[in-house]
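Participant: Here it is, the structure in full.
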Amino acid sequence: MGKTLRSPGHLALMAALKQARLDAGLTQTELADRLKRPQSFVAKYENGERRVEVVEFVQIVGAIGCDGHAVLNDVVQAEMGA
């Protein structure tokens, strides 16, 4: 289990969170406002420059209004296929 920011699971998480945001019709700035964070916070995890911790994940999917289980399923599938 590596600590790379480019593992299949991490790439899947980045993509799933970005797609969920886009599907919700939110810009990075709008999501950041909901999270009470700077826009760069969203940009950095979407671009793989930073990891998303579990509590942050819960806050992000809550702010987007998406199904966190579906997002995690994408990550699990990517990791299992690796």
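We name chains A, B, ... following the order of the structure tokens; residues begin at 1 in each chain, and ligands are numbered from 1 as shown.
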So that I can see what lies close to segment 62-64 of chain A, please list as a list of chain:residue names the residues with an atom at most 8 Å from it, counting only C-alpha atoms and leaving out residues fewer than 6 positions away in the same chain.

Facilitator: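 The neighbour list is A:Ala20, A:Arg21, A:Ala24, A:Leu26, A:Leu31, A:Arg34, A:Leu35.
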
Participant: Would you mind exporting all heavy atoms of the selected residues as a compact mmCIF listing (two decimals), in the first residue's frame?

Facilitator:
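As written to disk, result-v8.txt reads:
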```txt
# COMPACT_ATOMS: atom_id res chain seq x y z
N ALA A 20 -18.79 14.50 -9.38
CA ALA A 20 -19.95 14.76 -8.51
C ALA A 20 -20.21 16.26 -8.41
O ALA A 20 -21.36 16.70 -8.47
CB ALA A 20 -19.71 14.16 -7.13
N ARG A 21 -19.14 17.04 -8.30
CA ARG A 21 -19.30 18.49 -8.25
C ARG A 21 -19.89 19.01 -9.55
O ARG A 21 -20.83 19.82 -9.54
CB ARG A 21 -17.94 19.17 -7.99
CG ARG A 21 -18.01 20.70 -8.04
CD ARG A 21 -16.67 21.36 -7.81
NE ARG A 21 -15.65 21.04 -8.79
CZ ARG A 21 -15.58 21.57 -10.02
NH1 ARG A 21 -16.50 22.43 -10.43
NH2 ARG A 21 -14.61 21.23 -10.83
N ALA A 24 -23.50 18.22 -9.96
CA ALA A 24 -24.32 19.06 -9.10
C ALA A 24 -24.41 20.49 -9.63
O ALA A 24 -25.14 21.31 -9.07
CB ALA A 24 -23.77 19.06 -7.68
N LEU A 26 -21.97 22.70 -9.73
CA LEU A 26 -21.22 23.62 -8.88
C LEU A 26 -19.86 23.94 -9.46
O LEU A 26 -19.19 23.05 -10.01
CB LEU A 26 -21.01 23.00 -7.49
CG LEU A 26 -22.24 22.73 -6.64
CD1 LEU A 26 -21.86 21.90 -5.42
CD2 LEU A 26 -22.89 24.04 -6.24
N LEU A 31 -18.48 25.44 -4.42
CA LEU A 31 -18.28 24.35 -3.46
C LEU A 31 -17.41 24.84 -2.30
O LEU A 31 -17.70 24.56 -1.14
CB LEU A 31 -17.65 23.13 -4.14
CG LEU A 31 -17.33 21.96 -3.22
CD1 LEU A 31 -18.55 21.50 -2.42
CD2 LEU A 31 -16.73 20.81 -4.01
N ARG A 34 -19.40 26.74 0.16
CA ARG A 34 -20.22 25.85 0.99
C ARG A 34 -19.38 25.20 2.09
O ARG A 34 -19.88 24.93 3.19
CB ARG A 34 -20.87 24.76 0.15
CG ARG A 34 -21.97 25.26 -0.76
CD ARG A 34 -22.60 24.12 -1.51
NE ARG A 34 -23.65 24.58 -2.40
CZ ARG A 34 -24.50 23.79 -3.02
NH1 ARG A 34 -24.43 22.47 -2.86
NH2 ARG A 34 -25.43 24.30 -3.81
N LEU A 35 -18.12 24.93 1.77
CA LEU A 35 -17.22 24.30 2.73
C LEU A 35 -16.53 25.30 3.65
O LEU A 35 -15.82 24.91 4.56
CB LEU A 35 -16.15 23.50 1.97
CG LEU A 35 -16.62 22.29 1.19
CD1 LEU A 35 -15.54 21.79 0.25
CD2 LEU A 35 -17.07 21.19 2.14
```

Participant: Let me make sure I understand: among A:Asn47, A:Leu17, A:Met80, A:Ser7, which one has the smallest atom-to-atom distance to Ile60 of chain A if we use only C-alpha atoms?

Facilitator: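 Result for the nearest residue to Ile60 of chain A: A:Leu17.
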
Participant: Which residues are near Glu49 of chain A? Cut-off 12 Å, only C-alpha atoms, ignore same chain within fewer than 4 positions. Put them as a list in words.

Facilitator: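 Close residues of Glu49 of chain A: Thr4, Leu5, Arg6, His10, Leu11, Met14, Ser40, Phe41, Val42, Ala43, Lys44 and Tyr45 of chain A.
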